[in-house]
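Asks: Structure file my_file-v6.tsv, TSV, C-alpha atoms, is pasted below:
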chain	number	residue	atom	x	y	z
A	329	MET	CA	36.05	-49.03	50.07
A	330	ASN	CA	34.30	-45.92	51.40
A	331	LYS	CA	37.19	-43.74	50.20
A	332	LEU	CA	36.95	-45.25	46.71
A	333	PHE	CA	33.20	-44.67	46.65
A	334	THR	CA	33.66	-41.01	47.72
A	335	ILE	CA	36.26	-40.37	45.00
A	336	ALA	CA	34.00	-41.96	42.39
A	337	LEU	CA	31.07	-39.80	43.56
A	338	ILE	CA	33.14	-36.58	43.40
A	339	LEU	CA	34.41	-37.41	39.92
A	340	GLY	CA	30.90	-38.27	38.79
A	341	LEU	CA	29.41	-35.03	40.09
A	342	THR	CA	32.25	-32.96	38.58
A	343	GLY	CA	31.65	-34.66	35.26
A	344	CYS	CA	27.93	-33.98	35.45
A	345	SER	CA	28.44	-30.33	36.30
A	346	LEU	CA	30.92	-29.94	33.43
A	347	PHE	CA	28.47	-31.58	31.08
A	348	ALA	CA	25.63	-29.40	32.35
A	349	SER	CA	27.62	-26.20	31.93
A	350	LYS	CA	28.52	-27.24	28.40
A	351	VAL	CA	24.87	-27.73	27.49
A	352	GLU	CA	24.00	-24.39	29.02
A	353	ALA	CA	26.69	-22.65	26.95
A	354	GLY	CA	25.21	-24.14	23.78
A	355	THR	CA	21.71	-22.76	24.34
A	356	ASN	CA	22.44	-19.06	23.90
A	357	ILE	CA	20.07	-17.36	21.52
A	358	ASN	CA	21.31	-14.02	20.30
A	359	GLY	CA	19.38	-11.37	18.49
A	360	THR	CA	19.50	-7.72	17.59
A	361	VAL	CA	16.72	-5.25	17.07
A	362	GLU	CA	17.35	-2.87	14.21
A	363	SER	CA	15.09	-0.27	12.73
A	364	ARG	CA	13.08	-1.48	9.79
A	365	CYS	CA	10.21	-0.15	7.73
A	366	THR	CA	7.78	-2.24	5.73
A	367	VAL	CA	5.31	-0.80	3.25
A	368	ASN	CA	2.29	-3.06	2.89
A	369	THR	CA	-0.40	-2.66	0.25
A	370	ASP	CA	-3.37	-4.02	2.17
A	371	THR	CA	-6.09	-2.93	-0.28
A	372	SER	CA	-5.20	-1.85	-3.79
A	373	GLY	CA	-8.33	0.23	-4.36
A	374	TYR	CA	-10.17	1.16	-7.54
A	375	TYR	CA	-12.19	3.93	-9.10
A	376	GLY	CA	-15.93	4.08	-9.27
A	377	ASN	CA	-17.54	6.03	-12.10
A	378	PRO	CA	-20.67	7.69	-10.64
A	379	ASN	CA	-21.13	9.93	-13.68
A	380	ALA	CA	-19.53	10.49	-17.06
A	381	TYR	CA	-17.03	13.06	-15.89
A	382	THR	CA	-15.91	11.70	-12.49
A	383	LEU	CA	-13.68	8.85	-11.32
A	384	THR	CA	-13.57	8.44	-7.57
A	385	THR	CA	-12.36	5.95	-4.98
A	386	LEU	CA	-15.23	6.83	-2.62
A	387	PRO	CA	-17.21	3.71	-1.65
A	388	ALA	CA	-20.50	5.62	-1.99
A	389	SER	CA	-19.72	5.89	-5.71
A	390	ALA	CA	-18.77	2.21	-6.07
A	391	GLY	CA	-15.07	2.90	-5.66
A	392	GLN	CA	-12.64	1.53	-3.12
A	393	VAL	CA	-10.14	3.54	-1.12
A	394	PRO	CA	-6.64	2.00	-1.24
A	395	ILE	CA	-5.29	1.13	2.20
A	396	ILE	CA	-1.56	1.14	2.92
A	397	ARG	CA	-0.05	-0.18	6.11
A	398	ILE	CA	3.36	1.01	7.23
A	399	ASP	CA	5.15	-0.94	9.96
A	400	THR	CA	8.16	0.38	11.83
A	401	SER	CA	10.12	-1.59	14.39
A	402	LEU	CA	11.71	1.37	16.19
A	403	ALA	CA	10.33	4.76	17.13
A	404	ASN	CA	11.51	7.95	15.39
A	405	ALA	CA	13.49	6.09	12.72
A	406	TYR	CA	11.22	6.77	9.72
A	407	LYS	CA	8.62	9.14	8.36
A	408	ALA	CA	5.78	8.06	6.09
A	409	GLN	CA	5.08	10.13	2.97
A	410	ILE	CA	1.85	9.23	1.22
A	411	SER	CA	0.74	10.96	-1.97
A	412	TYR	CA	-2.57	10.83	-3.79
A	413	PRO	CA	-2.38	10.82	-7.60
A	414	THR	CA	-2.27	14.02	-9.62
A	415	SER	CA	-2.17	12.38	-13.06
A	416	PHE	CA	-3.06	9.12	-14.75
A	417	SER	CA	-0.26	6.65	-15.29
A	418	SER	CA	-2.25	5.18	-18.14
A	419	SER	CA	-5.42	6.39	-19.82
A	420	PRO	CA	-6.94	6.99	-23.23
A	421	SER	CA	-5.86	10.16	-25.00
A	422	LEU	CA	-7.28	13.12	-23.06
A	423	GLY	CA	-7.80	16.40	-24.88
A	424	ASP	CA	-9.09	18.34	-21.90
A	425	THR	CA	-7.83	18.97	-18.39
A	426	THR	CA	-8.47	16.73	-15.42
A	427	VAL	CA	-8.88	18.25	-11.98
A	428	TRP	CA	-7.47	16.09	-9.17
A	429	THR	CA	-8.47	16.16	-5.54
A	430	GLY	CA	-7.79	13.70	-2.78
A	431	GLY	CA	-6.69	13.16	0.74
A	432	VAL	CA	-4.68	10.92	3.02
A	433	THR	CA	-5.97	9.93	6.44
A	434	VAL	CA	-4.85	7.64	9.24
A	435	GLU	CA	-7.46	4.89	9.25
A	436	GLN	CA	-6.17	2.76	12.09
A	437	THR	CA	-3.18	2.37	14.37
A	438	SER	CA	-1.76	-0.51	16.38
A	439	SER	CA	-1.43	1.70	19.46
A	440	THR	CA	-3.65	4.42	20.89
A	441	ASP	CA	-0.46	6.43	21.44
A	442	MET	CA	-0.46	7.04	17.68
A	443	SER	CA	-3.77	8.87	17.77
A	444	GLY	CA	-2.01	12.20	17.20
A	445	TYR	CA	-0.45	11.17	13.87
A	446	GLN	CA	-3.03	12.90	11.67
A	447	ALA	CA	-2.83	16.16	13.63
A	448	ALA	CA	0.97	16.07	13.59
A	449	SER	CA	1.17	15.47	9.83
A	450	THR	CA	2.22	18.11	7.32
A	451	THR	CA	1.70	18.46	3.58
A	452	ALA	CA	4.01	18.98	0.61
A	453	ASP	CA	3.80	18.97	-3.20
A	454	GLY	CA	0.84	21.36	-3.22
A	455	GLY	CA	-1.03	19.27	-0.67
A	456	ALA	CA	-0.89	15.99	-2.59
A	457	MET	CA	1.71	14.51	-0.23
A	458	ARG	CA	1.10	14.09	3.47
A	459	ILE	CA	4.08	13.51	5.77
A	460	TYR	CA	3.77	11.61	9.04
A	461	PRO	CA	6.71	11.38	11.47
A	462	LEU	CA	6.45	7.82	12.81
A	463	SER	CA	7.29	8.58	16.42
A	464	ILE	CA	6.04	5.27	17.83
A	465	ALA	CA	6.94	1.74	16.78
A	466	GLY	CA	4.06	-0.24	15.33
A	467	ALA	CA	1.63	-0.37	12.44
A	468	THR	CA	-0.33	2.49	10.89
A	469	TRP	CA	-3.01	2.13	8.24
A	470	PHE	CA	-3.44	4.99	5.78
A	471	GLY	CA	-6.40	5.49	3.47
A	472	VAL	CA	-5.91	7.47	0.26
A	473	SER	CA	-8.93	8.99	-1.45
A	474	SER	CA	-8.72	10.23	-5.03
A	475	VAL	CA	-11.18	12.04	-7.28
A	476	ALA	CA	-10.54	12.92	-10.91
A	477	THR	CA	-12.97	15.26	-12.68
A	478	TYR	CA	-12.69	15.79	-16.41
A	479	GLY	CA	-13.34	18.89	-18.47
A	480	GLY	CA	-11.71	21.61	-16.41
A	481	GLY	CA	-14.92	22.35	-14.50
A	482	GLN	CA	-17.17	21.99	-17.57
A	483	GLN	CA	-18.18	18.43	-16.74
A	484	LYS	CA	-17.08	16.79	-19.96
A	485	ALA	CA	-17.37	13.04	-20.27
A	486	PHE	CA	-14.19	10.97	-19.88
A	487	PRO	CA	-13.33	9.11	-23.10
A	488	GLY	CA	-14.13	5.42	-22.84
A	489	GLY	CA	-11.23	3.15	-21.83
A	490	SER	CA	-9.23	2.08	-18.83
A	491	TYR	CA	-7.66	4.51	-16.41
A	492	THR	CA	-4.88	3.93	-13.92
A	493	ALA	CA	-3.42	6.32	-11.37
A	494	VAL	CA	-0.69	5.64	-8.84
A	495	VAL	CA	-0.65	6.29	-5.12
A	496	ILE	CA	2.90	6.63	-3.78
A	497	ALA	CA	3.66	5.30	-0.32
A	498	GLU	CA	7.13	6.20	0.92
A	499	CYS	CA	8.98	5.31	4.06
A	500	VAL	CA	11.96	7.62	4.47
A	501	ALA	CA	14.60	7.24	7.19
A	502	GLN	CA	14.79	10.30	9.46
B	428	MET	CA	-8.60	-8.94	23.95
B	429	CYS	CA	-11.01	-8.23	21.11
B	430	ARG	CA	-8.79	-5.38	19.90
B	431	SER	CA	-5.69	-7.57	19.88
B	432	VAL	CA	-7.55	-10.26	17.93
B	433	ILE	CA	-8.69	-7.70	15.35
B	434	LEU	CA	-5.14	-6.32	15.12
B	435	TRP	CA	-3.73	-9.82	14.69
B	436	VAL	CA	-6.23	-10.59	11.94
B	437	LEU	CA	-5.41	-7.32	10.19
B	438	LEU	CA	-1.67	-7.92	10.48
B	439	CYS	CA	-2.03	-11.43	9.13
B	440	SER	CA	-4.29	-10.33	6.29
B	441	SER	CA	-1.45	-8.40	4.65
B	442	VAL	CA	-0.54	-9.88	1.32
B	443	ALA	CA	1.95	-7.43	-0.09
B	444	ALA	CA	4.97	-5.75	1.43
B	445	HIS	CA	8.24	-4.13	0.45
B	446	GLU	CA	11.19	-3.88	2.81
B	447	MET	CA	14.75	-2.58	2.60
B	448	THR	CA	17.50	-2.58	5.23
B	449	PRO	CA	19.66	-1.26	6.80
B	450	THR	CA	17.96	1.97	7.78
B	451	TYR	CA	21.27	3.74	8.25
B	452	PRO	CA	23.87	2.27	5.86
B	453	LYS	CA	27.56	3.23	5.99
B	454	TRP	CA	29.99	3.68	3.13
B	455	GLN	CA	32.97	1.34	3.18
B	456	THR	CA	36.14	1.44	1.14
B	457	SER	CA	36.00	-0.82	-1.88
B	458	MET	CA	38.74	-2.65	-3.74
B	459	ILE	CA	38.96	0.23	-6.21
B	460	ASP	CA	40.78	3.44	-5.23
B	461	GLY	CA	38.47	6.43	-4.92
B	462	VAL	CA	35.34	4.31	-4.85
B	463	HIS	CA	33.22	3.48	-1.80
B	464	LYS	CA	30.55	0.86	-1.48
B	465	THR	CA	27.64	-0.08	0.74
B	466	THR	CA	25.55	-3.24	0.86
B	467	MET	CA	21.75	-3.17	1.02
B	468	GLU	CA	19.20	-5.90	1.41
B	469	MET	CA	15.69	-5.98	0.03
B	470	PHE	CA	12.72	-8.28	0.51
B	471	ASN	CA	9.75	-8.49	-1.84
B	472	LYS	CA	6.42	-9.66	-0.48
B	473	ARG	CA	4.47	-7.88	-3.21
B	474	GLN	CA	3.04	-10.36	-5.64
B	475	ASP	CA	2.14	-7.56	-8.05
B	476	VAL	CA	5.73	-6.24	-8.28
B	477	LYS	CA	8.83	-7.90	-9.75
B	478	TRP	CA	11.13	-4.96	-10.32
B	479	TYR	CA	12.59	-2.32	-8.03
B	480	GLU	CA	14.54	0.76	-9.11
B	481	ILE	CA	17.49	1.85	-6.99
B	482	GLY	CA	18.39	5.52	-6.60
B	483	VAL	CA	20.88	7.60	-4.62
B	484	PHE	CA	19.95	11.17	-3.73
B	485	ASP	CA	21.37	14.19	-1.95
B	486	LYS	CA	19.64	16.28	0.75
B	487	GLU	CA	17.59	18.12	-1.90
B	488	TRP	CA	16.52	14.82	-3.50
B	489	LYS	CA	18.70	15.42	-6.55
B	490	ALA	CA	19.98	12.22	-8.11
B	491	ILE	CA	23.63	11.33	-7.51
B	492	PRO	CA	25.54	9.07	-9.91
B	493	PHE	CA	26.20	5.59	-8.59
B	494	VAL	CA	26.93	2.12	-9.89
B	495	THR	CA	25.25	-1.16	-9.02
B	496	SER	CA	24.84	-4.47	-10.80
B	497	TYR	CA	21.44	-3.48	-12.09
B	498	LYS	CA	19.77	-0.12	-11.56
B	499	VAL	CA	16.44	-1.90	-11.84
B	500	ILE	CA	16.60	-5.12	-9.86
B	501	GLN	CA	14.41	-8.11	-10.57
B	502	LEU	CA	13.12	-9.50	-7.30
B	503	ASP	CA	10.56	-12.28	-7.39
B	504	TYR	CA	7.79	-12.65	-4.87
B	505	LEU	CA	9.02	-13.69	-1.38
B	506	ASN	CA	12.67	-13.37	-2.43
B	507	HIS	CA	15.53	-11.52	-0.74
B	508	VAL	CA	18.36	-9.82	-2.54
B	509	LYS	CA	21.62	-8.29	-1.33
B	510	PHE	CA	23.17	-5.72	-3.60
B	511	ASP	CA	26.22	-3.46	-3.50
B	512	VAL	CA	26.05	0.20	-4.41
B	513	TYR	CA	29.26	1.96	-5.46
B	514	ILE	CA	29.90	5.69	-5.41
B	515	THR	CA	32.92	7.87	-6.04
B	516	SER	CA	34.67	9.35	-3.01
B	517	ASN	CA	33.84	12.92	-4.00
B	518	ASN	CA	30.12	12.06	-4.04
B	519	LYS	CA	30.23	10.03	-0.83
B	520	ASP	CA	29.52	12.93	1.50
B	521	LYS	CA	26.79	14.34	-0.74
B	522	ALA	CA	24.76	11.13	-0.70
B	523	GLU	CA	21.97	11.38	1.84
B	524	TYR	CA	19.40	8.78	0.78
B	525	ILE	CA	19.41	5.45	-0.99
B	526	CYS	CA	15.96	4.39	-2.15
B	527	SER	CA	14.18	1.47	-3.76
B	528	LEU	CA	11.01	2.17	-5.71
B	529	SER	CA	8.60	-0.48	-6.93
B	530	LYS	CA	8.13	-0.45	-10.69
B	531	LEU	CA	4.51	-0.98	-11.69
B	532	ARG	CA	3.29	-2.47	-14.89
B	533	GLY	CA	0.60	-0.69	-16.81
B	534	ASN	CA	-2.51	-2.80	-16.47
B	535	SER	CA	-5.95	-2.77	-17.92
B	536	ASN	CA	-7.92	-2.35	-14.71
B	537	ASN	CA	-9.32	0.95	-13.53
B	538	LYS	CA	-7.33	0.70	-10.32
B	539	PRO	CA	-5.12	3.22	-8.58
B	540	MET	CA	-2.06	1.10	-8.06
B	541	ILE	CA	0.23	1.68	-5.11
B	542	ALA	CA	3.90	2.40	-5.67
B	543	SER	CA	6.02	1.71	-2.60
B	544	LYS	CA	9.29	3.45	-1.92
B	545	ILE	CA	11.69	2.92	0.97
B	546	CYS	CA	14.63	5.22	1.60
B	547	SER	CA	17.54	4.55	3.91
B	548	ARG	CA	19.66	7.44	5.10
B	549	PHE	CA	23.39	7.99	5.40
B	550	LYS	CA	24.12	9.66	8.74
Using the file provided, produce a representation of the structure as structure tokens.

Replies:
Amino acid sequence: MNKLFTIALILGLTGCSLFASKVEAGTNINGTVESRCTVNTDTSGYYGNPNAYTLTTLPASAGQVPIIRIDTSLANAYKAQISYPTSFSSSPSLGDTTVWTGGVTVEQTSSTDMSGYQAASTTADGGAMRIYPLSIAGATWFGVSSVATYGGGQQKAFPGGSYTAVVIAECVAQ
Amino acid sequence: MCRSVILWVLLCSSVAAHEMTPTYPKWQTSMIDGVHKTTMEMFNKRQDVKWYEIGVFDKEWKAIPFVTSYKVIQLDYLNHVKFDVYITSNNKDKAEYICSLSKLRGNSNNKPMIASKICSRFK
């Protein structure tokens, strides 16, 4: 009787352990981490019109600076290239020249290790494009200021109508 | 703690994003002799954009001829798309970047709109 009980116990335990190992094998969760870049348009921005001949995104002139967030999942995989506008994408007919100025700055970062991004950046396209090597994984917020002055320095009034200019935010694999 | 809460709020406040993978695609042989292909994936979280233009460029950012189903792809908000890009074998080694650029509609607001562009690189 004891022998029968022992055999039954051994078989039972073996069965349990087999069952348990089977459950364990079914709970694997696999994943891979690959480099990825996401360009987010956090704030679209708009122009204020402080006087007849100026359109500006500066908040002091009732404008709003567009904010772009670029997220990278791995370090040194991408560079960010942000350009302020140098022409209108749509506007009324303009007979005179428009002078464009602007700038791109790092507004915020997800890590203090990214504090050197602005100093490490370079410019291209006559200064309109600023290039940031994204050497640390995480999120970076860029602000893009833009000022358009009409009349080629003679302060002529912009013709009435709607004006649109485009900020380009690029994420280019290194 | 406070900083992480602020960061979380800022991350969650994002309403518009553009994403393309893989970062480093590879050319594969296709079913047609002398033609190679690669597969890309794109995700649109920009409510203000429905169309993305695909381009293939060399090291100097000069355009390289390629074929895909649509050069300008319609991608609705919160949708994914996988697309194949085909290139001839003699252009395969010249191709350095494959990019997707958001196409913006002209609108009537005085807003500087943001065009997003993501470029993957052949290594």

Asks: Measuring atom to atom with all atoms listed in the file, identify which of A:Gln482, A:Asn356, A:Ser463, A:Thr437 is nearest to chain B.

Replies: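 Smallest distance to chain B is found for A:Thr437.
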
Asks: Between A:Leu386, A:Ile459, A:Met442, A:Ala403, which residue has the minimum interatomic distance to A:Val472, considering only C-alpha atoms?

Replies: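 Once distances to A:Val472 are computed over only C-alpha atoms, the minimum belongs to A:Leu386.
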
Asks: Under the rule that only C-alpha atoms are counted, which of A:Gln446, A:Tyr381, A:Pro394, A:Val361 is the nearest residue to chain B?

Replies: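 Closest candidate: A:Pro394.
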
Asks: Excluding B:Val499 and its own-chain neighbours fewer than 5 positions away, which residues fall within 7 Å of it when counting all atoms listed in the file? Please give them as a PyMOL selection string.

Replies: chain B and resi 478-481

Asks: State, in Å with one decimal place, the distance from atom CA of A:Ser411 to atom CA of B:Asp520.

Replies: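 Pair atom CA of A:Ser411 / atom CA of B:Asp520 returns 29.1 Å.
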
Asks: Do a neighbour search on B:Asp475 at 12 Å with all atoms listed in the file, toss out local chain neighbours closer than 4 positions, and write the hits as a PyMOL selection string.

Replies: (chain A and resi 368-369+372) or (chain B and resi 442-445+471+479+502-505+529-534+540-543)

Asks: Quick one: write out the picked residues with C-alpha atoms as a PDB file, in the coordinates of the input?

Replies:
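Generated file (selection35.pdb):
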ATOM      1  CA  ASN A 368       2.290  -3.060   2.890  1.00  0.00           C
ATOM      2  CA  THR A 369      -0.400  -2.660   0.250  1.00  0.00           C
ATOM      3  CA  SER A 372      -5.200  -1.850  -3.790  1.00  0.00           C
TER       4      SER A 372
ATOM      5  CA  VAL B 442      -0.540  -9.880   1.320  1.00  0.00           C
ATOM      6  CA  ALA B 443       1.950  -7.430  -0.090  1.00  0.00           C
ATOM      7  CA  ALA B 444       4.970  -5.750   1.430  1.00  0.00           C
ATOM      8  CA  HIS B 445       8.240  -4.130   0.450  1.00  0.00           C
ATOM      9  CA  ASN B 471       9.750  -8.490  -1.840  1.00  0.00           C
ATOM     10  CA  TYR B 479      12.590  -2.320  -8.030  1.00  0.00           C
ATOM     11  CA  LEU B 502      13.120  -9.500  -7.300  1.00  0.00           C
ATOM     12  CA  ASP B 503      10.560 -12.280  -7.390  1.00  0.00           C
ATOM     13  CA  TYR B 504       7.790 -12.650  -4.870  1.00  0.00           C
ATOM     14  CA  LEU B 505       9.020 -13.690  -1.380  1.00  0.00           C
ATOM     15  CA  SER B 529       8.600  -0.480  -6.930  1.00  0.00           C
ATOM     16  CA  LYS B 530       8.130  -0.450 -10.690  1.00  0.00           C
ATOM     17  CA  LEU B 531       4.510  -0.980 -11.690  1.00  0.00           C
ATOM     18  CA  ARG B 532       3.290  -2.470 -14.890  1.00  0.00           C
ATOM     19  CA  GLY B 533       0.600  -0.690 -16.810  1.00  0.00           C
ATOM     20  CA  ASN B 534      -2.510  -2.800 -16.470  1.00  0.00           C
ATOM     21  CA  MET B 540      -2.060   1.100  -8.060  1.00  0.00           C
ATOM     22  CA  ILE B 541       0.230   1.680  -5.110  1.00  0.00           C
ATOM     23  CA  ALA B 542       3.900   2.400  -5.670  1.00  0.00           C
ATOM     24  CA  SER B 543       6.020   1.710  -2.600  1.00  0.00           C
TER      25      SER B 543
END

Asks: Atom CA of A:Arg364 to atom CA of B:Ile545: how many Å, to one decimal?

Replies: 10.0 Å

Asks: Give me the box for stretch 467-484 of chain B as JSON, namely the centre and edge lengths in Å to one decimal of a box along x, y and z that holds every listed atom plus 6 Å on each side.

Replies:
{"center_x": 11.9, "center_y": 0.4, "center_z": -4.5, "size_x": 31.6, "size_y": 33.5, "size_z": 23.7}

Asks: Would you mind listing, as a short mmCIF file (atom, residue, chain, number, x, y, z; two decimals) with C-alpha atoms, in the coordinates of the input, all residues of chain A that have at least one atom within 6 Å of chain B, where all atoms listed in the file are what counts?

Replies:
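Generated file (selection-v2.cif):
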data_model
loop_
_atom_site.label_atom_id
_atom_site.label_comp_id
_atom_site.auth_asym_id
_atom_site.auth_seq_id
_atom_site.Cartn_x
_atom_site.Cartn_y
_atom_site.Cartn_z
CA THR A 366 7.78 -2.24 5.73
CA VAL A 367 5.31 -0.80 3.25
CA ASN A 368 2.29 -3.06 2.89
CA THR A 369 -0.40 -2.66 0.25
CA ASP A 370 -3.37 -4.02 2.17
CA TYR A 374 -10.17 1.16 -7.54
CA TYR A 375 -12.19 3.93 -9.10
CA SER A 490 -9.23 2.08 -18.83
CA TYR A 491 -7.66 4.51 -16.41
CA THR A 492 -4.88 3.93 -13.92
CA ALA A 493 -3.42 6.32 -11.37
CA VAL A 494 -0.69 5.64 -8.84
CA VAL A 495 -0.65 6.29 -5.12
CA ILE A 496 2.90 6.63 -3.78
CA ALA A 497 3.66 5.30 -0.32
CA GLU A 498 7.13 6.20 0.92
CA CYS A 499 8.98 5.31 4.06
CA VAL A 500 11.96 7.62 4.47
CA ALA A 501 14.60 7.24 7.19
#

Asks: If you measure from atom CA of A:Ser443 to atom CA of A:Ser473, what distance in Å do you get, rounded to one decimal?

Replies: 19.9 Å

Asks: As a PDB file, in the coordinates of the input, please: stretch 495-522 of chain B completed to N, CA and C atoms.

Replies:
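For reference, result_21.pdb as written:
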ATOM      1  N   THR B 495      25.638   0.105  -9.636  1.00  0.00           N
ATOM      2  CA  THR B 495      25.250  -1.160  -9.020  1.00  0.00           C
ATOM      3  C   THR B 495      25.085  -2.178 -10.140  1.00  0.00           C
ATOM      4  N   SER B 496      24.926  -3.430  -9.765  1.00  0.00           N
ATOM      5  CA  SER B 496      24.840  -4.470 -10.800  1.00  0.00           C
ATOM      6  C   SER B 496      23.729  -4.148 -11.798  1.00  0.00           C
ATOM      7  N   TYR B 497      22.576  -3.869 -11.255  1.00  0.00           N
ATOM      8  CA  TYR B 497      21.440  -3.480 -12.090  1.00  0.00           C
ATOM      9  C   TYR B 497      20.735  -2.314 -11.407  1.00  0.00           C
ATOM     10  N   LYS B 498      20.467  -1.259 -12.153  1.00  0.00           N
ATOM     11  CA  LYS B 498      19.770  -0.120 -11.560  1.00  0.00           C
ATOM     12  C   LYS B 498      18.315  -0.493 -11.265  1.00  0.00           C
ATOM     13  N   VAL B 499      17.772  -1.348 -12.101  1.00  0.00           N
ATOM     14  CA  VAL B 499      16.440  -1.900 -11.840  1.00  0.00           C
ATOM     15  C   VAL B 499      16.636  -3.386 -11.549  1.00  0.00           C
ATOM     16  N   ILE B 500      16.317  -3.752 -10.318  1.00  0.00           N
ATOM     17  CA  ILE B 500      16.600  -5.120  -9.860  1.00  0.00           C
ATOM     18  C   ILE B 500      15.355  -5.986  -9.974  1.00  0.00           C
ATOM     19  N   GLN B 501      15.529  -7.158 -10.542  1.00  0.00           N
ATOM     20  CA  GLN B 501      14.410  -8.110 -10.570  1.00  0.00           C
ATOM     21  C   GLN B 501      14.391  -8.858  -9.244  1.00  0.00           C
ATOM     22  N   LEU B 502      13.254  -8.844  -8.593  1.00  0.00           N
ATOM     23  CA  LEU B 502      13.120  -9.500  -7.300  1.00  0.00           C
ATOM     24  C   LEU B 502      11.769 -10.203  -7.253  1.00  0.00           C
ATOM     25  N   ASP B 503      11.817 -11.506  -7.359  1.00  0.00           N
ATOM     26  CA  ASP B 503      10.560 -12.280  -7.390  1.00  0.00           C
ATOM     27  C   ASP B 503       9.882 -12.267  -6.033  1.00  0.00           C
ATOM     28  N   TYR B 504       8.633 -12.615  -6.060  1.00  0.00           N
ATOM     29  CA  TYR B 504       7.790 -12.650  -4.870  1.00  0.00           C
ATOM     30  C   TYR B 504       8.423 -13.530  -3.780  1.00  0.00           C
ATOM     31  N   LEU B 505       8.474 -13.020  -2.582  1.00  0.00           N
ATOM     32  CA  LEU B 505       9.020 -13.690  -1.380  1.00  0.00           C
ATOM     33  C   LEU B 505      10.531 -13.965  -1.474  1.00  0.00           C
ATOM     34  N   ASN B 506      11.221 -13.209  -2.315  1.00  0.00           N
ATOM     35  CA  ASN B 506      12.670 -13.370  -2.430  1.00  0.00           C
ATOM     36  C   ASN B 506      13.410 -12.217  -1.749  1.00  0.00           C
ATOM     37  N   HIS B 507      14.622 -12.524  -1.278  1.00  0.00           N
ATOM     38  CA  HIS B 507      15.530 -11.520  -0.740  1.00  0.00           C
ATOM     39  C   HIS B 507      16.620 -11.247  -1.767  1.00  0.00           C
ATOM     40  N   VAL B 508      17.173 -10.073  -1.725  1.00  0.00           N
ATOM     41  CA  VAL B 508      18.360  -9.820  -2.540  1.00  0.00           C
ATOM     42  C   VAL B 508      19.298  -8.898  -1.757  1.00  0.00           C
ATOM     43  N   LYS B 509      20.601  -9.185  -1.874  1.00  0.00           N
ATOM     44  CA  LYS B 509      21.620  -8.290  -1.330  1.00  0.00           C
ATOM     45  C   LYS B 509      22.314  -7.652  -2.521  1.00  0.00           C
ATOM     46  N   PHE B 510      22.510  -6.363  -2.474  1.00  0.00           N
ATOM     47  CA  PHE B 510      23.170  -5.720  -3.600  1.00  0.00           C
ATOM     48  C   PHE B 510      24.135  -4.646  -3.099  1.00  0.00           C
ATOM     49  N   ASP B 511      25.218  -4.471  -3.847  1.00  0.00           N
ATOM     50  CA  ASP B 511      26.220  -3.460  -3.500  1.00  0.00           C
ATOM     51  C   ASP B 511      25.991  -2.211  -4.339  1.00  0.00           C
ATOM     52  N   VAL B 512      26.159  -1.079  -3.702  1.00  0.00           N
ATOM     53  CA  VAL B 512      26.050   0.200  -4.410  1.00  0.00           C
ATOM     54  C   VAL B 512      27.403   0.898  -4.290  1.00  0.00           C
ATOM     55  N   TYR B 513      27.943   1.323  -5.429  1.00  0.00           N
ATOM     56  CA  TYR B 513      29.260   1.960  -5.460  1.00  0.00           C
ATOM     57  C   TYR B 513      29.104   3.438  -5.799  1.00  0.00           C
ATOM     58  N   ILE B 514      29.952   4.244  -5.173  1.00  0.00           N
ATOM     59  CA  ILE B 514      29.900   5.690  -5.410  1.00  0.00           C
ATOM     60  C   ILE B 514      31.317   6.236  -5.342  1.00  0.00           C
ATOM     61  N   THR B 515      31.569   7.303  -6.070  1.00  0.00           N
ATOM     62  CA  THR B 515      32.920   7.870  -6.040  1.00  0.00           C
ATOM     63  C   THR B 515      33.125   8.633  -4.718  1.00  0.00           C
ATOM     64  N   SER B 516      34.371   8.728  -4.312  1.00  0.00           N
ATOM     65  CA  SER B 516      34.670   9.350  -3.010  1.00  0.00           C
ATOM     66  C   SER B 516      34.195  10.794  -2.936  1.00  0.00           C
ATOM     67  N   ASN B 517      34.265  11.522  -4.063  1.00  0.00           N
ATOM     68  CA  ASN B 517      33.840  12.920  -4.000  1.00  0.00           C
ATOM     69  C   ASN B 517      32.321  13.074  -3.908  1.00  0.00           C
ATOM     70  N   ASN B 518      31.574  12.008  -4.206  1.00  0.00           N
ATOM     71  CA  ASN B 518      30.120  12.060  -4.040  1.00  0.00           C
ATOM     72  C   ASN B 518      29.645  11.439  -2.725  1.00  0.00           C
ATOM     73  N   LYS B 519      30.585  10.792  -2.044  1.00  0.00           N
ATOM     74  CA  LYS B 519      30.230  10.030  -0.830  1.00  0.00           C
ATOM     75  C   LYS B 519      29.531  10.901   0.212  1.00  0.00           C
ATOM     76  N   ASP B 520      30.092  12.086   0.448  1.00  0.00           N
ATOM     77  CA  ASP B 520      29.520  12.930   1.500  1.00  0.00           C
ATOM     78  C   ASP B 520      28.249  13.653   1.062  1.00  0.00           C
ATOM     79  N   LYS B 521      28.027  13.702  -0.256  1.00  0.00           N
ATOM     80  CA  LYS B 521      26.790  14.340  -0.740  1.00  0.00           C
ATOM     81  C   LYS B 521      25.602  13.398  -0.622  1.00  0.00           C
ATOM     82  N   ALA B 522      25.866  12.104  -0.694  1.00  0.00           N
ATOM     83  CA  ALA B 522      24.760  11.130  -0.700  1.00  0.00           C
ATOM     84  C   ALA B 522      24.058  11.123   0.649  1.00  0.00           C
TER      85      ALA B 522
END
